[in-house]
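Just coords.txt here, compact mmCIF, C-alpha atoms:
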# COMPACT_ATOMS: atom_id res chain seq x y z
CA MET A 173 -39.58 16.01 -34.46
CA SER A 174 -37.12 13.13 -34.24
CA ARG A 175 -37.02 10.99 -31.13
CA PRO A 176 -34.55 12.47 -28.55
CA LEU A 177 -31.73 10.10 -27.66
CA LEU A 178 -29.06 10.15 -24.96
CA PRO A 179 -25.38 10.71 -26.00
CA ALA A 180 -23.58 7.38 -26.34
CA ALA A 181 -20.77 8.57 -24.05
CA LEU A 182 -23.25 8.93 -21.19
CA LEU A 183 -24.92 5.58 -21.69
CA GLY A 184 -22.42 3.39 -19.80
CA SER A 185 -21.89 5.82 -16.92
CA LEU A 186 -25.63 6.31 -16.41
CA VAL A 187 -26.24 2.58 -16.13
CA ALA A 188 -23.22 2.06 -13.83
CA ALA A 189 -24.11 5.02 -11.63
CA THR A 190 -27.58 3.66 -11.00
CA ALA A 191 -26.77 -0.04 -10.68
CA ALA A 192 -26.94 0.17 -6.90
CA ARG A 193 -30.47 1.52 -7.18
CA ALA A 194 -31.67 -1.22 -9.54
CA ALA A 195 -34.13 -2.38 -6.93
CA ASP A 196 -36.04 0.95 -7.10
CA PRO A 197 -39.37 0.71 -8.94
CA ALA A 198 -38.80 1.36 -12.63
CA PRO A 199 -40.82 4.30 -13.95
CA PRO A 200 -43.19 3.62 -16.86
CA ALA A 201 -41.15 3.77 -20.07
CA ALA A 202 -43.89 5.60 -21.96
CA ARG A 203 -44.07 8.29 -19.27
CA VAL A 204 -40.30 8.84 -19.38
CA ALA A 205 -40.28 8.95 -23.19
CA GLU A 206 -43.07 11.54 -23.19
CA LEU A 207 -41.23 13.76 -20.67
CA VAL A 208 -38.01 13.52 -22.68
CA ARG A 209 -39.91 14.56 -25.82
CA ARG A 210 -41.19 17.61 -23.96
CA LEU A 211 -37.59 18.69 -23.30
CA ALA A 212 -37.60 19.85 -26.93
CA ASP A 213 -40.96 21.62 -26.71
CA ASP A 214 -41.20 25.11 -28.18
CA ASP A 215 -42.57 26.42 -24.88
CA PHE A 216 -39.83 27.14 -22.29
CA ASP A 217 -42.13 26.55 -19.32
CA ARG A 218 -43.13 23.13 -20.67
CA ARG A 219 -39.43 22.22 -21.08
CA GLU A 220 -38.71 23.31 -17.52
CA ALA A 221 -41.69 21.38 -16.15
CA ALA A 222 -40.70 18.21 -18.02
CA GLU A 223 -37.17 18.34 -16.63
CA ALA A 224 -38.51 18.87 -13.11
CA ASP A 225 -40.89 15.91 -13.49
CA LEU A 226 -38.01 13.69 -14.63
CA ALA A 227 -35.90 14.78 -11.66
CA ARG A 228 -38.72 13.97 -9.23
CA ILE A 229 -38.67 10.33 -10.39
CA GLY A 230 -35.17 10.03 -8.89
CA PRO A 231 -32.21 7.80 -9.83
CA ALA A 232 -34.53 5.15 -11.31
CA VAL A 233 -35.19 7.52 -14.21
CA LEU A 234 -31.65 7.30 -15.56
CA PRO A 235 -31.72 3.73 -16.97
CA ALA A 236 -35.05 4.51 -18.61
CA VAL A 237 -33.59 7.64 -20.18
CA ALA A 238 -30.48 5.73 -21.30
CA ALA A 239 -32.68 3.16 -23.04
CA LEU A 240 -33.94 5.89 -25.39
CA GLY A 241 -30.52 6.29 -27.01
CA PRO A 242 -28.61 9.44 -28.07
CA PRO A 243 -30.68 12.60 -28.82
CA ASP A 244 -30.43 14.75 -31.92
CA ASP A 245 -31.49 17.96 -30.22
CA PRO A 246 -28.62 19.86 -28.47
CA GLU A 247 -30.91 21.30 -25.81
CA VAL A 248 -32.29 17.87 -24.99
CA ALA A 249 -28.74 16.59 -24.60
CA TYR A 250 -27.90 19.54 -22.34
CA ARG A 251 -31.00 19.06 -20.19
CA LEU A 252 -30.38 15.32 -19.84
CA GLY A 253 -26.83 16.01 -18.71
CA ARG A 254 -28.17 18.49 -16.17
CA LEU A 255 -30.77 15.95 -15.09
CA LYS A 256 -28.02 13.45 -14.37
CA ARG A 257 -26.19 15.97 -12.18
CA THR A 258 -29.41 16.88 -10.39
CA VAL A 259 -30.32 13.27 -9.66
CA LEU A 260 -26.87 12.07 -8.68
CA GLY A 261 -25.86 15.24 -6.84
CA VAL A 262 -22.27 15.81 -5.73
CA ALA A 263 -21.19 12.40 -7.04
CA GLU A 264 -21.15 13.89 -10.52
CA ASP A 265 -18.62 16.51 -9.40
CA LEU A 266 -16.48 14.16 -7.34
CA ARG A 267 -16.25 11.37 -9.90
CA PRO A 268 -14.01 13.24 -12.40
CA VAL A 269 -11.78 14.35 -9.51
CA LEU A 270 -11.28 10.74 -8.43
CA GLU A 271 -10.68 9.65 -12.03
CA ALA A 272 -7.99 12.32 -12.40
CA HIS A 273 -6.24 11.17 -9.20
CA LEU A 274 -6.41 7.45 -9.89
CA PRO A 275 -3.40 7.22 -12.27
CA HIS A 276 -1.21 8.74 -9.55
CA LEU A 277 -2.31 6.18 -6.94
CA HIS A 278 -1.08 2.92 -8.47
CA ASP A 279 0.84 2.31 -5.25
CA PRO A 280 -1.55 1.86 -2.27
CA ASP A 281 0.98 3.58 -0.01
CA VAL A 282 0.98 6.77 -2.10
CA ARG A 283 -0.89 9.73 -0.63
CA ARG A 284 -2.07 12.55 -2.84
CA ASP A 285 -3.23 15.87 -1.40
CA LEU A 286 -6.59 17.22 -2.50
CA GLU A 287 -6.86 20.58 -4.20
CA PRO A 288 -8.52 23.36 -2.16
CA GLU A 289 -11.49 23.45 -4.54
CA VAL A 290 -12.07 19.72 -3.97
CA LEU A 291 -12.00 20.19 -0.20
CA ALA A 292 -14.43 23.09 -0.60
CA LEU A 293 -16.67 20.83 -2.67
CA ILE A 294 -16.71 18.25 0.11
CA VAL A 295 -17.40 20.86 2.79
CA GLY A 296 -20.18 22.44 0.77
CA HIS A 297 -21.96 19.16 0.06
CA GLN A 298 -21.88 17.30 3.34
CA PRO A 299 -23.17 14.76 4.19
CA ALA A 300 -23.76 13.66 0.58
CA ALA A 301 -20.08 14.10 -0.41
CA GLY A 302 -18.77 12.09 2.53
CA ASP A 303 -21.38 9.38 2.01
CA TYR A 304 -20.36 9.00 -1.62
CA LEU A 305 -16.63 8.87 -0.87
CA VAL A 306 -16.98 6.40 1.99
CA ALA A 307 -19.29 4.12 0.00
CA ALA A 308 -16.84 4.04 -2.93
CA ALA A 309 -13.80 3.58 -0.67
CA VAL A 310 -15.15 0.50 1.12
CA ASP A 311 -16.61 -1.18 -1.99
CA PRO A 312 -13.99 -3.73 -3.19
CA LYS A 313 -15.51 -3.71 -6.70
CA HIS A 314 -15.73 0.06 -7.14
CA PRO A 315 -13.41 1.16 -9.98
CA LEU A 316 -12.47 4.34 -8.09
CA ARG A 317 -12.00 2.61 -4.72
CA ARG A 318 -8.35 3.56 -4.24
CA ALA A 319 -8.83 7.21 -5.21
CA ALA A 320 -11.90 7.45 -2.98
CA ALA A 321 -9.96 5.97 -0.04
CA ASN A 322 -7.22 8.53 -0.59
CA ALA A 323 -9.84 11.30 -0.67
CA VAL A 324 -11.36 10.02 2.59
CA ALA A 325 -7.91 9.90 4.19
CA ARG A 326 -7.01 13.43 3.07
CA SER A 327 -10.35 14.97 4.08
CA TRP A 328 -10.73 13.06 7.34
CA ASP A 329 -11.46 16.07 9.53
CA LEU A 330 -14.26 17.15 7.16
CA LEU A 331 -16.21 13.91 7.64
CA SER A 332 -18.84 13.34 10.27
CA ALA A 333 -18.19 10.93 13.12
CA GLU A 334 -20.77 8.55 11.61
CA GLN A 335 -18.97 8.56 8.27
CA ALA A 336 -15.57 8.10 9.94
CA GLY A 337 -16.88 5.16 11.95
CA ARG A 338 -18.43 3.57 8.86
CA TYR A 339 -15.12 3.84 6.98
CA LEU A 340 -13.05 2.36 9.81
CA ALA A 341 -15.50 -0.50 10.34
CA ALA A 342 -14.88 -1.63 6.75
CA ALA A 343 -11.28 -0.50 6.26
CA VAL A 344 -9.53 -1.92 9.35
CA ARG A 345 -8.37 -5.43 8.48
CA VAL A 346 -6.19 -8.02 10.17
CA GLU A 347 -4.28 -10.46 7.95
CA VAL A 348 -2.28 -13.67 8.33
CA ALA A 349 0.35 -13.97 5.58
CA GLY A 350 1.37 -17.60 5.35
CA ARG A 351 2.02 -20.56 3.05
CA PRO A 352 0.17 -23.88 3.02
CA THR A 353 3.22 -25.94 4.13
CA TYR A 354 6.48 -25.47 6.04
CA PRO A 355 9.30 -27.97 6.62
CA ARG A 356 10.10 -28.76 10.24
CA GLY A 357 13.39 -27.32 11.47
CA VAL A 358 13.58 -24.47 8.92
CA ALA A 359 13.39 -21.12 10.73
CA ALA A 360 10.55 -19.67 8.66
CA MET A 361 7.93 -17.35 10.13
CA ILE A 362 4.31 -16.40 9.50
CA ALA A 363 3.45 -12.70 9.79
CA VAL A 364 0.28 -11.37 11.38
CA ARG A 365 -0.45 -7.74 10.55
CA PHE A 366 -3.19 -5.21 10.18
CA ARG A 367 -3.82 -2.18 8.03
CA VAL A 368 -6.35 0.57 7.42
CA GLY A 369 -7.48 0.41 3.81
CA GLU A 370 -5.09 -0.96 1.20
CA GLY A 371 -2.09 0.94 2.55
CA ALA A 372 -0.91 4.29 3.85
CA GLY A 373 -2.76 6.03 1.02
CA GLY A 374 -6.05 5.00 2.59
CA CYS A 375 -5.05 5.72 6.17
CA PRO A 376 -6.64 8.88 7.61
CA ALA A 377 -4.31 11.77 8.27
CA GLY A 378 -4.58 14.85 10.41
CA PRO A 379 -4.88 15.92 14.04
CA GLY A 380 -8.41 14.51 14.19
CA PHE A 381 -7.26 10.92 13.70
CA GLU A 382 -6.44 8.73 16.68
CA LEU A 383 -6.58 4.95 16.62
CA THR A 384 -5.44 2.42 19.19
CA THR A 385 -5.58 -1.29 18.37
CA VAL A 386 -5.37 -4.53 20.31
CA THR A 387 -4.55 -7.68 18.33
CA THR A 388 -4.82 -11.17 19.83
CA HIS A 389 -3.30 -14.31 18.34
CA ALA A 390 -4.18 -17.98 18.75
CA LEU A 391 -2.25 -21.05 17.57
CA ASP A 392 -4.22 -24.27 17.39
CA GLY A 393 -6.96 -22.74 19.52
CA ARG A 394 -4.67 -21.56 22.32
CA PRO A 395 -3.52 -17.98 22.99
CA HIS A 396 -0.16 -17.29 21.36
CA GLY A 397 1.91 -14.59 23.01
CA LYS A 398 0.51 -11.46 24.61
CA PRO A 399 -2.06 -9.15 23.00
CA TYR A 400 -0.31 -6.59 20.82
CA ARG A 401 -1.29 -3.01 21.58
CA ALA A 402 -0.39 -0.30 19.11
CA ALA A 403 -1.14 3.34 18.45
CA TYR A 404 -1.64 3.27 14.69
CA THR A 405 -0.33 5.95 12.35
CA ALA A 406 -0.11 4.68 8.76
CA GLY A 407 0.98 1.77 6.59
CA THR A 408 1.02 -1.86 7.66
CA CYS A 409 1.62 -2.82 11.30
CA THR A 410 3.06 -6.28 12.03
CA THR A 411 1.66 -7.60 15.29
CA ALA A 412 3.33 -11.03 15.53
CA TRP A 413 5.88 -13.36 13.91
CA VAL A 414 4.97 -16.99 14.48
CA ARG A 415 7.92 -19.37 14.05
CA THR A 416 7.14 -22.62 12.27
CA GLY A 417 10.46 -24.47 12.53
CA GLY A 418 9.80 -25.87 16.01
CA LEU A 419 6.19 -26.90 15.48
CA ALA A 420 5.24 -30.56 15.37
CA GLU A 421 4.49 -32.17 12.03
CA GLY A 422 0.84 -32.08 11.08
CA ARG A 423 -1.96 -29.53 10.66
CA HIS A 424 -2.00 -26.20 12.49
CA THR A 425 -4.25 -23.14 12.55
CA LEU A 426 -3.19 -19.57 13.26
CA ALA A 427 -5.94 -17.05 14.00
CA ALA A 428 -5.96 -13.34 14.82
CA GLY A 429 -8.59 -10.86 15.96
CA LEU A 430 -8.42 -7.10 16.37
CA THR A 431 -10.42 -4.44 18.20
CA PHE A 432 -9.88 -0.71 17.84
CA GLU A 433 -10.75 2.47 19.66
CA GLY A 434 -10.30 6.00 18.47
CA THR A 435 -11.66 9.48 18.35
CA HIS A 436 -12.89 11.69 15.56
CA ARG A 437 -12.95 15.36 16.49
CA GLY A 438 -13.64 14.37 20.07
CA THR A 439 -16.26 11.70 19.32
CA ALA A 440 -15.34 8.19 20.49
CA LEU A 441 -15.18 5.45 17.86
CA ALA A 442 -14.82 1.73 18.44
CA GLY A 443 -15.05 -1.42 16.37
CA LYS A 444 -13.86 -4.92 15.66
CA ALA A 445 -12.17 -6.18 12.51
CA PRO A 446 -13.25 -9.51 11.01
CA ALA A 447 -11.11 -12.33 12.37
CA ALA A 448 -8.40 -13.77 10.12
CA GLU A 449 -7.41 -17.44 10.07
CA HIS A 450 -4.75 -19.43 8.24
CA ALA A 451 -4.46 -23.22 8.17
CA PHE A 452 -1.09 -24.78 7.31
CA SER A 453 0.87 -27.99 7.65
CA VAL A 454 4.34 -28.71 8.98
CA VAL A 455 6.04 -31.48 6.99
CA GLY A 456 9.23 -33.44 7.47
CA ALA A 457 12.61 -31.72 7.52
CA ASP A 458 13.65 -33.67 4.43
CA ALA A 459 10.95 -32.06 2.25
CA PRO A 460 12.51 -30.82 -1.02
CA ASP A 461 13.04 -27.08 -1.51
CA ASP A 462 10.67 -26.52 -4.43
CA LEU A 463 11.24 -22.74 -4.37
CA ALA A 464 15.00 -22.84 -4.98
CA PHE A 465 16.40 -21.82 -8.34
CA ARG A 466 19.70 -23.59 -8.86
CA PRO A 467 22.36 -21.08 -9.94
CA ASP A 468 24.39 -20.93 -13.11
CA ALA A 469 27.04 -18.50 -14.32
CA ALA A 470 24.57 -16.39 -16.28
CA ALA A 471 22.23 -15.97 -13.31
CA GLU A 472 25.10 -15.03 -11.00
CA ALA A 473 26.31 -12.45 -13.52
CA ARG A 474 22.83 -10.92 -13.62
CA VAL A 475 22.69 -10.68 -9.84
CA ARG A 476 26.09 -9.02 -9.63
CA ALA A 477 25.24 -6.58 -12.43
CA ALA A 478 21.99 -5.60 -10.72
CA LEU A 479 23.52 -5.08 -7.28
CA TRP A 480 25.03 -1.64 -6.61
CA VAL A 481 27.32 -1.55 -3.57
CA ALA A 482 29.50 1.30 -2.33
CA GLU A 483 31.33 2.35 0.82
CA THR A 484 29.50 5.69 0.93
CA ASP A 485 26.65 7.47 -0.86
CA GLU A 486 29.10 9.83 -2.55
CA GLY A 487 28.62 9.60 -6.28
CA LYS A 488 25.03 8.48 -5.84
CA ASP A 489 23.72 11.61 -4.11
CA ALA A 490 26.51 14.17 -4.53
CA ALA A 491 25.66 16.88 -7.05
CA ASP A 492 28.54 19.27 -6.52
CA GLY A 493 31.35 17.14 -7.90
CA PRO A 494 34.71 16.43 -6.22
CA VAL A 495 35.88 18.55 -3.30
CA PRO A 496 38.87 20.77 -4.19
CA PRO A 497 42.12 20.07 -2.32
CA GLY A 498 42.14 21.71 1.10
CA ALA A 499 38.42 22.48 1.06
CA VAL A 500 36.02 21.23 3.72
CA PRO A 501 33.39 18.89 2.17
CA ALA A 502 29.76 19.97 2.57
CA VAL A 503 28.81 16.42 3.55
CA ASP A 504 30.74 13.96 5.65
CA TRP A 505 30.17 10.84 3.59
CA TRP A 506 31.77 8.69 6.29
CA ARG A 507 29.54 9.84 9.14
CA PRO A 508 28.42 6.83 11.22
CA GLN A 509 24.91 5.41 11.00
CA TYR A 510 25.27 3.87 14.47
CA THR A 511 26.45 5.97 17.42
CA TRP A 512 26.75 5.33 21.16
CA ALA A 513 28.81 6.23 24.20
CA GLY A 514 31.39 3.63 25.22
CA ALA A 515 32.08 2.35 28.73
CA ASP A 516 34.63 5.16 29.14
CA GLY A 517 32.04 7.74 28.15
CA GLU A 518 33.74 8.47 24.86
CA PRO A 519 31.57 8.52 21.69
CA ASN A 520 31.87 5.69 19.23
CA GLY A 521 30.11 4.64 16.05
CA VAL A 522 30.09 2.53 12.89
CA HIS A 523 29.65 3.54 9.27
CA VAL A 524 28.40 0.69 7.04
CA PRO A 525 28.25 0.35 3.23
CA ALA A 526 25.33 1.46 1.06
CA TRP A 527 23.61 -0.77 -1.46
CA ARG A 528 20.55 -1.22 -3.66
CA LEU A 529 19.21 -3.51 -6.38
CA GLU A 530 19.14 -1.32 -9.49
CA LYS A 531 17.83 -3.73 -12.11
CA PRO A 532 14.85 -6.09 -11.90
CA LEU A 533 15.65 -9.79 -12.15
CA PRO A 534 13.62 -12.67 -13.65
CA PHE A 535 13.67 -14.48 -10.30
CA ASP A 536 13.33 -13.67 -6.60
CA LEU A 537 16.16 -13.03 -4.15
CA ALA A 538 16.11 -14.34 -0.58
CA PHE A 539 19.42 -13.96 1.27
CA ASP A 540 20.77 -14.06 4.78
CA VAL A 541 23.36 -11.28 4.93
CA CYS A 542 26.51 -10.72 6.95
CA LEU A 543 29.65 -8.57 6.97
CA ARG A 544 32.80 -10.70 6.98
CA VAL A 545 35.99 -9.03 8.20
CA GLU A 546 38.99 -9.65 5.97
CA GLY A 547 41.85 -11.53 7.61
CA SER A 548 40.03 -12.70 10.76
CA GLY A 549 37.00 -14.14 8.94
CA ASP A 550 34.72 -12.89 11.73
CA GLU A 551 31.13 -12.56 10.51
CA TYR A 552 28.48 -10.15 11.78
CA PRO A 553 24.85 -10.76 10.77
CA ALA A 554 22.91 -8.01 9.01
CA ASP A 555 19.30 -7.55 7.95
CA ALA A 556 18.16 -10.18 5.46
CA LEU A 557 17.51 -9.27 1.83
CA VAL A 558 14.32 -10.27 0.00
CA VAL A 559 13.49 -8.74 -3.39
CA LEU A 560 10.72 -10.05 -5.61
CA LYS A 561 11.03 -10.90 -9.28
CA GLY A 562 10.67 -7.94 -11.62
CA THR A 563 11.20 -5.29 -8.93
CA THR A 564 14.04 -3.13 -7.68
CA SER A 565 14.86 -2.09 -4.14
CA ASN A 566 16.72 0.68 -2.36
CA MET A 567 17.99 -1.28 0.63
CA GLY A 568 19.80 1.78 1.94
CA ARG A 569 22.45 0.34 4.26
CA VAL A 570 23.83 -3.05 5.20
CA TRP A 571 22.29 -2.80 8.64
CA VAL A 572 24.30 -5.02 11.00
CA THR A 573 22.45 -6.55 13.91
CA ASP A 574 25.10 -5.80 16.55
CA PRO A 575 27.28 -2.81 15.53
CA LYS A 576 28.96 -2.71 18.94
CA ALA A 577 30.26 -6.26 18.44
CA LEU A 578 31.65 -5.24 15.05
CA ALA A 579 33.36 -2.21 16.59
CA GLU A 580 34.85 -4.02 19.58
CA GLY A 581 38.66 -3.94 19.45
CA ARG A 582 38.65 -2.06 16.14
CA SER A 583 39.20 1.54 15.08
CA GLY A 584 39.37 3.38 11.78
CA PHE A 585 38.81 1.70 8.43
CA VAL A 586 38.08 -2.03 8.54
CA PRO A 587 38.10 -4.11 5.31
CA VAL A 588 35.04 -6.32 4.93
CA ARG A 589 33.04 -8.21 2.34
CA ILE A 590 29.26 -8.50 2.15
CA VAL A 591 28.27 -12.16 2.06
CA LEU A 592 24.82 -13.12 0.78
CA ARG A 593 23.77 -16.70 1.43
CA PRO A 594 20.54 -18.10 -0.05
CA SER A 595 17.94 -18.46 2.68
CA ARG A 596 15.15 -20.99 2.43
CA ALA A 597 13.75 -19.57 5.68
CA MET A 598 13.44 -16.05 4.27
CA ALA A 599 11.95 -17.37 1.04
CA LEU A 600 9.30 -19.30 2.97
CA THR A 601 8.60 -16.33 5.23
CA ASN A 602 7.52 -14.16 2.30
CA PRO A 603 4.56 -15.89 0.59
CA ALA A 604 5.15 -13.83 -2.56
CA VAL A 605 8.50 -15.54 -3.24
CA ALA A 606 7.93 -18.14 -5.96
CA ARG A 607 11.42 -19.02 -7.24
CA TYR A 608 14.54 -17.72 -5.57
CA TYR A 609 18.19 -17.70 -6.59
CA ALA A 610 19.98 -20.35 -4.53
CA GLY A 611 23.58 -19.28 -5.13
CA GLU A 612 25.91 -17.51 -2.70
CA VAL A 613 27.22 -14.06 -3.60
CA THR A 614 30.23 -12.36 -2.02
CA THR A 615 31.18 -8.81 -2.91
CA GLY A 616 34.64 -7.38 -3.34
CA VAL A 617 36.47 -5.77 -0.43
CA LEU A 618 34.80 -2.68 1.04
CA ARG A 619 35.55 -0.65 4.12
CA VAL A 620 33.50 0.10 7.19
CA LYS A 621 34.65 2.85 9.52
CA VAL A 622 34.73 2.45 13.28
CA GLY A 623 34.94 5.60 15.40
CA PRO A 624 33.09 8.80 16.24
Could I get this file's structure written as structure tokens?
Amino acid sequence: MSRPLLPAALLGSLVAATAARAADPAPPAARVAELVRRLADDDFDRREAAEADLARIGPAVLPAVAALGPPDDPEVAYRLGRLKRTVLGVAEDLRPVLEAHLPHLHDPDVRRDLEPEVLALIVGHQPAAGDYLVAAAVDPKHPLRRAAANAVARSWDLLSAEQAGRYLAAAVRVEVAGRPTYPRGVAAMIAVRFRVGEGAGGCPAGPGFELTTVTTHALDGRPHGKPYRAAYTAGTCTTAWVRTGGLAEGRHTLAAGLTFEGTHRGTALAGKAPAAEHAFSVVGADAPDDLAFRPDAAAEARVRAALWVAETDEGKDAADGPVPPGAVPAVDWWRPQYTWAGADGEPNGVHVPAWRLEKPLPFDLAFDVCLRVEGSGDEYPADALVVLKGTTSNMGRVWVTDPKALAEGRSGFVPVRIVLRPSRAMALTNPAVARYYAGEVTTGVLRVKVGP
């Protein structure tokens, strides 16, 4: 009889699956080889006994089996596959599920629901299933980490309190997002934030999840601002913006710490995230802007071609075509995004233009934005615009900071232009910005509408 060998396709996965158990005593190679040979014995009871003896060795048997190579005998191959499932347990059933979900979870903020049969698998194999998922989710080197975190988040109420606490202890992180240097006098900011897992996709969901956090901040060893208390739901939570423009020249250190309390199906959970620290320098106000990309006609043309701007969403979202004369439109495309009651009690509001960046650019954008009223030249600040190289963005609306100021003394349609001015401060504030377009862009005339 030829020497039984393991299928080549199983070789890599067997070794990887047992790497964490490498410290277990290795079984004698001759003993393993003899038991594997018995898997092809003519006597059924001897085959069954050999498989049971291999299983009793535990996970340490798998590398020894893999070292024998692929088998020729189909029954030996079948029994070795069954041995792997027996030794590794529910992990063998969960692994292909996670592999199937992984391509859909390229974005850490994506959440993917689990099929009922997967939830049933987790319920039927607790605590082993939860232990496997949590261990994979908190291991930064695990190839299925993101899918496992999503599975933990979507099966949160099925986990034990011990498993939930173990996941949170590793997944809750506080971060300081800053650059190494900032010029004095430029109104840049450093963000302090925290998250659970890599993003919303790894944040637990369901009625059994409650989490309250307290984040403290220190600048140069002294408390900075008040502790930030937040009831966490999902995604990233910004706890502080530290302004660098007014700091003295020289070295500075910004540190943050976070504690959390929560419940899991009535059981109290508590923990502390590892502290985060960022050291940076403030340099002279005359420091050159090394991030700026000086504009030319070709770059400006690319920006204008990529930027879609319109007075309303009609034409972007409308699917029914133009409204016949005399008919009442199904959607009021000019409905206001801002509404309030005036001093006289009458309703008022402002409708602002829509916009998005439709095409990725070979450089970053970092703009301060305002609406400039035609004729008067009055300008009203809006939310800044930052879009990274190679990406697109649905900015939604040109959100003005003070819509009531824009509406004061005006009614009906008001002609405006959107003015985008390059912002060194916004570029510095986002550490991912590497080279931003430093030209000013002004759109054609658009209309805002003031009134209820």
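Taking CA of Ala349 (chain A) as the reference point, CA of Ala321 (chain A) is found at 23.1 Å.
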What's around Arg466 (chain A) at 8 Å? Count all atoms listed in the file, leave out sequence neighbours fewer than 6 positions away in its own chain, and write the answer as a compact mmCIF listing (two decimals) with C-alpha atoms, keeping the file's coordinate frame.
# COMPACT_ATOMS: atom_id res chain seq x y z
CA TYR A 609 18.19 -17.70 -6.59
CA ALA A 610 19.98 -20.35 -4.53
CA GLY A 611 23.58 -19.28 -5.13
Pick from A:Ala538, A:Leu234, A:Ala477, A:Ala445, whichever lies nearest to Val346 (chain A) using only C-alpha atoms = A:Ala445
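Between CA of Asp279 (chain A) and CA of Leu293 (chain A) lies a distance of 25.6 Å.
Take CA of Gly337 (chain A) and CA of Asp285 (chain A): the distance between them is 21.9 Å.
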Which residue out of A:Val233, A:Ala428, A:Ala224, A:Ala406 has the minimum interatomic distance to Pro200 (chain A) when all atoms listed in the file are used?
-> A:Val233
Find the residues with any atom within 7 Å of (-21.6, 17.5, -5.5); use all atoms listed in the file and the coordinates as given in the file, and write the answer as a ChimeraX atom specification.
-> /A:261-266,293,297,301
Using only C-alpha atoms, determine which residues lie at most 7 Å from Arg619 (chain A), disregarding the query and same-chain residues fewer than 6 positions distant; provide the list as a ChimeraX atom specification.
-> /A:483,585-588
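Of the listed residues (A:Leu600, A:Val259, A:Val414, A:Val204), A:Leu600 comes nearest to Asp462 (chain A); the distances count all atoms listed in the file.
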Quick one: everything within 12 Å of Tyr354 (chain A), counting only C-alpha atoms, minus sequence neighbours fewer than 3 positions away in the same chain. Send it as a PyMOL selection string.
-> chain A and resi 350-351+357-362+415-424+451-463+596-603
Go ahead and save the residues from that selection, with C-alpha atoms, as a PDB file, keeping the file's coordinate frame.
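Printed below is result.pdb as written:
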ATOM      1  CA  GLY A 350       1.370 -17.600   5.350  1.00  0.00           C
ATOM      2  CA  ARG A 351       2.020 -20.560   3.050  1.00  0.00           C
ATOM      3  CA  GLY A 357      13.390 -27.320  11.470  1.00  0.00           C
ATOM      4  CA  VAL A 358      13.580 -24.470   8.920  1.00  0.00           C
ATOM      5  CA  ALA A 359      13.390 -21.120  10.730  1.00  0.00           C
ATOM      6  CA  ALA A 360      10.550 -19.670   8.660  1.00  0.00           C
ATOM      7  CA  MET A 361       7.930 -17.350  10.130  1.00  0.00           C
ATOM      8  CA  ILE A 362       4.310 -16.400   9.500  1.00  0.00           C
ATOM      9  CA  ARG A 415       7.920 -19.370  14.050  1.00  0.00           C
ATOM     10  CA  THR A 416       7.140 -22.620  12.270  1.00  0.00           C
ATOM     11  CA  GLY A 417      10.460 -24.470  12.530  1.00  0.00           C
ATOM     12  CA  GLY A 418       9.800 -25.870  16.010  1.00  0.00           C
ATOM     13  CA  LEU A 419       6.190 -26.900  15.480  1.00  0.00           C
ATOM     14  CA  ALA A 420       5.240 -30.560  15.370  1.00  0.00           C
ATOM     15  CA  GLU A 421       4.490 -32.170  12.030  1.00  0.00           C
ATOM     16  CA  GLY A 422       0.840 -32.080  11.080  1.00  0.00           C
ATOM     17  CA  ARG A 423      -1.960 -29.530  10.660  1.00  0.00           C
ATOM     18  CA  HIS A 424      -2.000 -26.200  12.490  1.00  0.00           C
ATOM     19  CA  ALA A 451      -4.460 -23.220   8.170  1.00  0.00           C
ATOM     20  CA  PHE A 452      -1.090 -24.780   7.310  1.00  0.00           C
ATOM     21  CA  SER A 453       0.870 -27.990   7.650  1.00  0.00           C
ATOM     22  CA  VAL A 454       4.340 -28.710   8.980  1.00  0.00           C
ATOM     23  CA  VAL A 455       6.040 -31.480   6.990  1.00  0.00           C
ATOM     24  CA  GLY A 456       9.230 -33.440   7.470  1.00  0.00           C
ATOM     25  CA  ALA A 457      12.610 -31.720   7.520  1.00  0.00           C
ATOM     26  CA  ASP A 458      13.650 -33.670   4.430  1.00  0.00           C
ATOM     27  CA  ALA A 459      10.950 -32.060   2.250  1.00  0.00           C
ATOM     28  CA  PRO A 460      12.510 -30.820  -1.020  1.00  0.00           C
ATOM     29  CA  ASP A 461      13.040 -27.080  -1.510  1.00  0.00           C
ATOM     30  CA  ASP A 462      10.670 -26.520  -4.430  1.00  0.00           C
ATOM     31  CA  LEU A 463      11.240 -22.740  -4.370  1.00  0.00           C
ATOM     32  CA  ARG A 596      15.150 -20.990   2.430  1.00  0.00           C
ATOM     33  CA  ALA A 597      13.750 -19.570   5.680  1.00  0.00           C
ATOM     34  CA  MET A 598      13.440 -16.050   4.270  1.00  0.00           C
ATOM     35  CA  ALA A 599      11.950 -17.370   1.040  1.00  0.00           C
ATOM     36  CA  LEU A 600       9.300 -19.300   2.970  1.00  0.00           C
ATOM     37  CA  THR A 601       8.600 -16.330   5.230  1.00  0.00           C
ATOM     38  CA  ASN A 602       7.520 -14.160   2.300  1.00  0.00           C
ATOM     39  CA  PRO A 603       4.560 -15.890   0.590  1.00  0.00           C
TER      40      PRO A 603
END
Sel. within 12 Å of pt (-6.0, 16.4, -5.5), counting only C-alpha atoms, output as an NGL selection string = :A and (266 or 268-277 or 283-293 or 319-320 or 322-327)
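For Arg251 (chain A), the list of residues within 10 Å, based on all atoms listed in the file and with local chain neighbours fewer than 3 positions off taken out, reads Val208, Leu211, Ala212, Arg219, Glu220, Ala222, Glu223, Pro246, Glu247, Val248, Arg254, Leu255, Lys256 and Arg257 of chain A.
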